[in-house]
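Structure, as structure tokens:
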Amino acid sequence: MKRLTLPFFTCAILFCLTAHSQQTAKNNKQKSDMGMSDQLYKANYSSDFTMGNPEDVKLVLALYKDYENQDWSKDTWFADTVMVIFPDGTMLQGREPVISAFKQQRAGFSNTSFDMQVIIPLKSRDRNENWVSLWGSQTMAMADNPSSKSAVDFNAVWRVNKDRKIDFMRFFQAQRTASQQ
């Protein structure tokens, strides 16, 4: 009987370790896909995001402040191959055309200001990319009629490359509701 006890306990321990290992692997899989595997839609780009670098937020917010002040001195913060997609679907690529478009857009306002409601630095783990996502509103007065102000709500995503330069931006915009005016 004593001869059977040691093999029995050895098998029992191995069984428990194997079961624990399988459960740990299952738990890690569930954590890595954030419960997304059973969702109705699959993210085509990425669903593996974690909190990103707060320094990326400082970079992007400094560019918003410079836009307000018409300060274009940080043009080297954009990658040569930067791409921007505006709310109307217009797409531009290259540092010079993108900065030129921002200058032209800003010249149409006598003043403008941003109010940020949500600022999120993100890291796409599966793509090894750094992003900043912003939700906010922009209030502006047109250059040709400074007494008339309008406001829009926006969502913007900015990608910061490994050289800490902006290489992609996408802007979404909505008119404010009557109660927000």
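By convention here, the chains of the structure tokens are called A, B, ... in the order presented, each chain's residues are numbered starting at 1, and ligands are numbered starting at 1 in the order presented.
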
*Can you pull out every residue within 8 Å of Arg106 in chain A, counting only C-alpha atoms, but drop anything in the same chain fewer than 2 positions away, and send it as a VMD selection string?*
chain A and resid 67 to 68 70 102 to 104 108 to 109

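If you count only C-alpha atoms and ignore residues fewer than 5 places along the chain from Glu55 in chain A, what sits within 12 Å of it is Val60, Leu61, Ala62, Ile120, Pro121, Leu122, Asn130, Trp131, Val132, Val160, Arg164 and Lys165 of chain A.
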
*Using DSSP on the backbone coordinates, identify the residues of range 28-174 of chain A assigned to helix (DSSP H, G or I); present them as a PyMOL selection string.*
chain A and resi 28-32+36-38+54-68+75-77+95-107

Can you write out the residues you just picked, keeping N, CA and C atoms, as a compact mmCIF listing (two decimals), in the first residue's frame?
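To be explicit, this is the file written out as result29.txt:
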# COMPACT_ATOMS: atom_id res chain seq x y z
N ASN A 28 -5.00 34.70 -18.49
CA ASN A 28 -4.15 35.65 -19.21
C ASN A 28 -4.72 35.97 -20.58
N LYS A 29 -5.28 34.98 -21.26
CA LYS A 29 -5.91 35.21 -22.57
C LYS A 29 -7.08 36.17 -22.42
N GLN A 30 -7.89 35.96 -21.38
CA GLN A 30 -9.04 36.83 -21.15
C GLN A 30 -8.59 38.25 -20.86
N LYS A 31 -7.50 38.41 -20.09
CA LYS A 31 -6.99 39.74 -19.78
C LYS A 31 -6.45 40.40 -21.04
N SER A 32 -5.73 39.65 -21.88
CA SER A 32 -5.09 40.26 -23.04
C SER A 32 -6.09 40.73 -24.09
N MET A 36 -12.77 40.98 -25.37
CA MET A 36 -13.23 41.36 -26.70
C MET A 36 -13.53 40.15 -27.59
N SER A 37 -13.08 38.96 -27.20
CA SER A 37 -13.24 37.81 -28.09
C SER A 37 -14.69 37.42 -28.29
N ASP A 38 -15.56 37.77 -27.37
CA ASP A 38 -16.96 37.40 -27.53
C ASP A 38 -17.84 38.59 -27.93
N PRO A 54 2.35 59.88 -20.76
CA PRO A 54 1.84 61.23 -20.53
C PRO A 54 2.64 62.31 -21.28
N GLU A 55 3.88 62.03 -21.60
CA GLU A 55 4.69 62.99 -22.37
C GLU A 55 4.11 63.21 -23.76
N ASP A 56 3.47 62.19 -24.32
CA ASP A 56 2.82 62.34 -25.62
C ASP A 56 1.67 63.34 -25.53
N VAL A 57 0.97 63.34 -24.40
CA VAL A 57 -0.12 64.28 -24.19
C VAL A 57 0.43 65.71 -24.18
N LYS A 58 1.54 65.92 -23.49
CA LYS A 58 2.14 67.26 -23.43
C LYS A 58 2.49 67.76 -24.83
N LEU A 59 3.02 66.87 -25.65
CA LEU A 59 3.38 67.22 -27.03
C LEU A 59 2.16 67.68 -27.81
N VAL A 60 1.10 66.90 -27.76
CA VAL A 60 -0.11 67.20 -28.53
C VAL A 60 -0.80 68.46 -28.01
N LEU A 61 -0.91 68.59 -26.69
CA LEU A 61 -1.57 69.77 -26.13
C LEU A 61 -0.77 71.05 -26.42
N ALA A 62 0.55 70.95 -26.45
CA ALA A 62 1.36 72.12 -26.82
C ALA A 62 1.06 72.55 -28.25
N LEU A 63 0.81 71.58 -29.13
CA LEU A 63 0.46 71.92 -30.51
C LEU A 63 -0.91 72.61 -30.60
N TYR A 64 -1.85 72.18 -29.77
CA TYR A 64 -3.16 72.87 -29.73
C TYR A 64 -2.98 74.31 -29.26
N LYS A 65 -2.19 74.50 -28.21
CA LYS A 65 -1.97 75.85 -27.69
C LYS A 65 -1.26 76.70 -28.75
N ASP A 66 -0.30 76.13 -29.46
CA ASP A 66 0.38 76.87 -30.52
C ASP A 66 -0.57 77.23 -31.65
N TYR A 67 -1.50 76.35 -31.97
CA TYR A 67 -2.51 76.64 -32.99
C TYR A 67 -3.34 77.85 -32.56
N GLU A 68 -3.78 77.85 -31.30
CA GLU A 68 -4.54 78.99 -30.78
C GLU A 68 -3.75 80.30 -30.96
N ASP A 75 7.17 73.15 -36.12
CA ASP A 75 6.86 72.33 -37.29
C ASP A 75 7.72 71.06 -37.35
N THR A 76 8.86 71.05 -36.67
CA THR A 76 9.71 69.84 -36.65
C THR A 76 9.12 68.76 -35.75
N TRP A 77 8.05 69.07 -35.03
CA TRP A 77 7.39 68.05 -34.22
C TRP A 77 6.55 67.12 -35.08
N ARG A 95 4.68 67.02 -44.33
CA ARG A 95 4.75 68.09 -43.33
C ARG A 95 4.33 69.45 -43.88
N GLU A 96 4.88 69.85 -45.01
CA GLU A 96 4.58 71.18 -45.55
C GLU A 96 3.10 71.36 -45.91
N PRO A 97 2.49 70.42 -46.66
CA PRO A 97 1.06 70.59 -46.96
C PRO A 97 0.17 70.59 -45.71
N VAL A 98 0.51 69.77 -44.72
CA VAL A 98 -0.30 69.70 -43.50
C VAL A 98 -0.20 71.00 -42.72
N ILE A 99 1.00 71.49 -42.53
CA ILE A 99 1.18 72.74 -41.78
C ILE A 99 0.56 73.91 -42.54
N SER A 100 0.69 73.91 -43.85
CA SER A 100 0.08 74.96 -44.66
C SER A 100 -1.45 74.95 -44.50
N ALA A 101 -2.04 73.78 -44.45
CA ALA A 101 -3.50 73.67 -44.27
C ALA A 101 -3.91 74.20 -42.89
N PHE A 102 -3.14 73.87 -41.85
CA PHE A 102 -3.45 74.37 -40.51
C PHE A 102 -3.32 75.90 -40.47
N LYS A 103 -2.29 76.44 -41.11
CA LYS A 103 -2.10 77.89 -41.15
C LYS A 103 -3.28 78.57 -41.85
N GLN A 104 -3.67 78.00 -42.98
CA GLN A 104 -4.78 78.58 -43.74
C GLN A 104 -6.08 78.51 -42.94
N GLN A 105 -6.31 77.38 -42.30
CA GLN A 105 -7.52 77.22 -41.48
C GLN A 105 -7.52 78.23 -40.33
N ARG A 106 -6.39 78.35 -39.65
CA ARG A 106 -6.30 79.26 -38.50
C ARG A 106 -6.43 80.72 -38.92
N ALA A 107 -5.96 81.06 -40.11
CA ALA A 107 -6.06 82.43 -40.62
C ALA A 107 -7.52 82.85 -40.81

*Would you mind listing what lies within 8 Å of Phe86 in chain A as a VMD selection string, with only C-alpha atoms counted and same-chain residues fewer than 5 positions away left out?*
chain A and resid 91 170 to 172

*Quote the spacing between CA of Phe154 in chain A and CA of Thr139 in chain A in Å to one decimal place.*
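Computing the Euclidean distance for CA of Phe154 in chain A and CA of Thr139 in chain A yields 10.9 Å.
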
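You will find CA of Gln39 in chain A at 23.2 Å from CA of Asn128 in chain A.
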
Please, which residues of range 94-180 of chain A, numbered as in this document, come out strand (DSSP E or B) from DSSP, as a compact mmCIF listing (two decimals) with N, CA and C atoms, in the first residue's frame?
# COMPACT_ATOMS: atom_id res chain seq x y z
N PHE A 109 -9.81 82.49 -38.66
CA PHE A 109 -10.37 82.83 -37.36
C PHE A 109 -9.67 84.06 -36.79
N SER A 110 -10.45 84.97 -36.22
CA SER A 110 -9.81 86.08 -35.50
C SER A 110 -9.26 85.57 -34.17
N ASN A 111 -9.96 84.62 -33.58
CA ASN A 111 -9.44 83.91 -32.40
C ASN A 111 -10.14 82.57 -32.29
N THR A 112 -9.50 81.69 -31.55
CA THR A 112 -10.06 80.36 -31.32
C THR A 112 -9.51 79.84 -30.01
N SER A 113 -10.28 78.97 -29.36
CA SER A 113 -9.81 78.34 -28.12
C SER A 113 -10.39 76.94 -28.03
N PHE A 114 -9.67 76.11 -27.30
CA PHE A 114 -10.07 74.72 -27.12
C PHE A 114 -10.39 74.47 -25.65
N ASP A 115 -11.38 73.61 -25.44
CA ASP A 115 -11.74 73.13 -24.11
C ASP A 115 -11.72 71.61 -24.19
N MET A 116 -10.79 71.01 -23.49
CA MET A 116 -10.64 69.55 -23.54
C MET A 116 -11.45 68.91 -22.43
N GLN A 117 -12.31 67.95 -22.79
CA GLN A 117 -13.07 67.20 -21.79
C GLN A 117 -12.38 65.89 -21.42
N VAL A 118 -11.75 65.22 -22.40
CA VAL A 118 -11.10 63.95 -22.15
C VAL A 118 -9.76 63.94 -22.88
N ILE A 119 -8.72 63.52 -22.16
CA ILE A 119 -7.38 63.41 -22.73
C ILE A 119 -6.84 62.04 -22.32
N ILE A 120 -6.56 61.19 -23.31
CA ILE A 120 -6.14 59.83 -23.00
C ILE A 120 -4.88 59.47 -23.79
N PRO A 121 -3.76 59.24 -23.10
CA PRO A 121 -2.60 58.68 -23.79
C PRO A 121 -2.79 57.17 -23.91
N LEU A 122 -2.54 56.63 -25.08
CA LEU A 122 -2.77 55.20 -25.32
C LEU A 122 -1.54 54.54 -25.93
N LYS A 123 -1.38 53.26 -25.66
CA LYS A 123 -0.33 52.45 -26.26
C LYS A 123 -0.99 51.22 -26.87
N SER A 124 -0.87 51.08 -28.19
CA SER A 124 -1.36 49.88 -28.85
C SER A 124 -0.27 48.83 -28.72
N GLU A 129 2.44 51.10 -30.97
CA GLU A 129 2.24 52.49 -31.39
C GLU A 129 1.71 53.31 -30.21
N ASN A 130 2.08 54.58 -30.22
CA ASN A 130 1.64 55.52 -29.19
C ASN A 130 0.61 56.47 -29.78
N TRP A 131 -0.50 56.64 -29.05
CA TRP A 131 -1.61 57.48 -29.51
C TRP A 131 -2.03 58.43 -28.40
N VAL A 132 -2.65 59.53 -28.80
CA VAL A 132 -3.33 60.42 -27.87
C VAL A 132 -4.73 60.63 -28.44
N SER A 133 -5.73 60.41 -27.60
CA SER A 133 -7.11 60.62 -28.00
C SER A 133 -7.68 61.79 -27.18
N LEU A 134 -8.33 62.71 -27.89
CA LEU A 134 -8.89 63.89 -27.24
C LEU A 134 -10.36 64.03 -27.59
N TRP A 135 -11.16 64.43 -26.60
CA TRP A 135 -12.53 64.86 -26.83
C TRP A 135 -12.59 66.27 -26.31
N GLY A 136 -13.18 67.15 -27.08
CA GLY A 136 -13.26 68.51 -26.61
C GLY A 136 -14.18 69.35 -27.46
N SER A 137 -14.06 70.65 -27.26
CA SER A 137 -14.82 71.60 -28.07
C SER A 137 -13.89 72.74 -28.48
N GLN A 138 -14.21 73.33 -29.60
CA GLN A 138 -13.46 74.46 -30.12
C GLN A 138 -14.44 75.61 -30.32
N THR A 139 -14.09 76.75 -29.77
CA THR A 139 -14.87 77.97 -29.96
C THR A 139 -14.04 78.90 -30.84
N MET A 140 -14.70 79.50 -31.83
CA MET A 140 -13.95 80.35 -32.74
C MET A 140 -14.79 81.53 -33.20
N ALA A 141 -14.08 82.60 -33.52
CA ALA A 141 -14.69 83.78 -34.13
C ALA A 141 -14.05 83.91 -35.50
N MET A 142 -14.88 84.10 -36.50
CA MET A 142 -14.37 84.19 -37.87
C MET A 142 -13.63 85.51 -38.07
N ASN A 145 -15.81 88.31 -39.34
CA ASN A 145 -16.88 88.75 -38.45
C ASN A 145 -16.52 88.36 -37.01
N PRO A 146 -15.57 89.06 -36.39
CA PRO A 146 -15.09 88.68 -35.06
C PRO A 146 -16.14 88.67 -33.96
N SER A 147 -17.25 89.39 -34.13
CA SER A 147 -18.27 89.42 -33.09
C SER A 147 -19.15 88.17 -33.10
N SER A 148 -19.10 87.42 -34.18
CA SER A 148 -19.89 86.19 -34.29
C SER A 148 -19.03 85.00 -33.88
N LYS A 149 -19.50 84.26 -32.87
CA LYS A 149 -18.75 83.09 -32.41
C LYS A 149 -19.54 81.82 -32.70
N SER A 150 -18.80 80.78 -32.96
CA SER A 150 -19.42 79.46 -33.13
C SER A 150 -18.56 78.44 -32.40
N ALA A 151 -19.13 77.28 -32.18
CA ALA A 151 -18.41 76.22 -31.47
C ALA A 151 -18.75 74.87 -32.09
N VAL A 152 -17.79 73.98 -32.04
CA VAL A 152 -17.98 72.60 -32.49
C VAL A 152 -17.39 71.66 -31.44
N ASP A 153 -17.94 70.49 -31.36
CA ASP A 153 -17.37 69.42 -30.55
C ASP A 153 -16.50 68.57 -31.46
N PHE A 154 -15.44 68.00 -30.90
CA PHE A 154 -14.55 67.21 -31.74
C PHE A 154 -13.98 66.02 -30.97
N ASN A 155 -13.54 65.07 -31.74
CA ASN A 155 -12.72 63.97 -31.25
C ASN A 155 -11.54 63.92 -32.19
N ALA A 156 -10.36 63.78 -31.63
CA ALA A 156 -9.15 63.71 -32.45
C ALA A 156 -8.25 62.61 -31.93
N VAL A 157 -7.61 61.92 -32.85
CA VAL A 157 -6.59 60.94 -32.48
C VAL A 157 -5.29 61.34 -33.16
N TRP A 158 -4.23 61.27 -32.39
CA TRP A 158 -2.89 61.66 -32.84
C TRP A 158 -1.96 60.48 -32.59
N ARG A 159 -1.17 60.11 -33.59
CA ARG A 159 -0.18 59.04 -33.39
C ARG A 159 1.20 59.68 -33.28
N VAL A 160 1.94 59.24 -32.27
CA VAL A 160 3.30 59.73 -32.03
C VAL A 160 4.26 58.59 -32.36
N ILE A 166 4.74 63.61 -34.56
CA ILE A 166 3.38 63.29 -34.97
C ILE A 166 3.44 62.78 -36.40
N ASP A 167 2.89 61.57 -36.62
CA ASP A 167 2.90 61.04 -37.99
C ASP A 167 1.50 60.75 -38.53
N PHE A 168 0.47 60.92 -37.67
CA PHE A 168 -0.90 60.71 -38.14
C PHE A 168 -1.86 61.46 -37.23
N MET A 169 -2.87 62.07 -37.84
CA MET A 169 -3.95 62.74 -37.10
C MET A 169 -5.26 62.47 -37.82
N ARG A 170 -6.30 62.29 -37.04
CA ARG A 170 -7.64 62.16 -37.62
C ARG A 170 -8.59 62.94 -36.74
N PHE A 171 -9.40 63.79 -37.37
CA PHE A 171 -10.32 64.66 -36.64
C PHE A 171 -11.76 64.32 -37.01
N PHE A 172 -12.61 64.26 -35.99
CA PHE A 172 -14.04 64.09 -36.17
C PHE A 172 -14.71 65.30 -35.53
N GLN A 173 -15.80 65.76 -36.09
CA GLN A 173 -16.41 67.00 -35.62
C GLN A 173 -17.93 66.89 -35.67
N ALA A 174 -18.57 67.54 -34.72
CA ALA A 174 -20.04 67.58 -34.69
C ALA A 174 -20.49 68.97 -34.27
N GLN A 175 -21.60 69.39 -34.83
CA GLN A 175 -22.19 70.66 -34.40
C GLN A 175 -22.73 70.49 -32.99

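The spacing separating CA of Thr90 in chain A from CA of Phe78 in chain A amounts to 18.4 Å.
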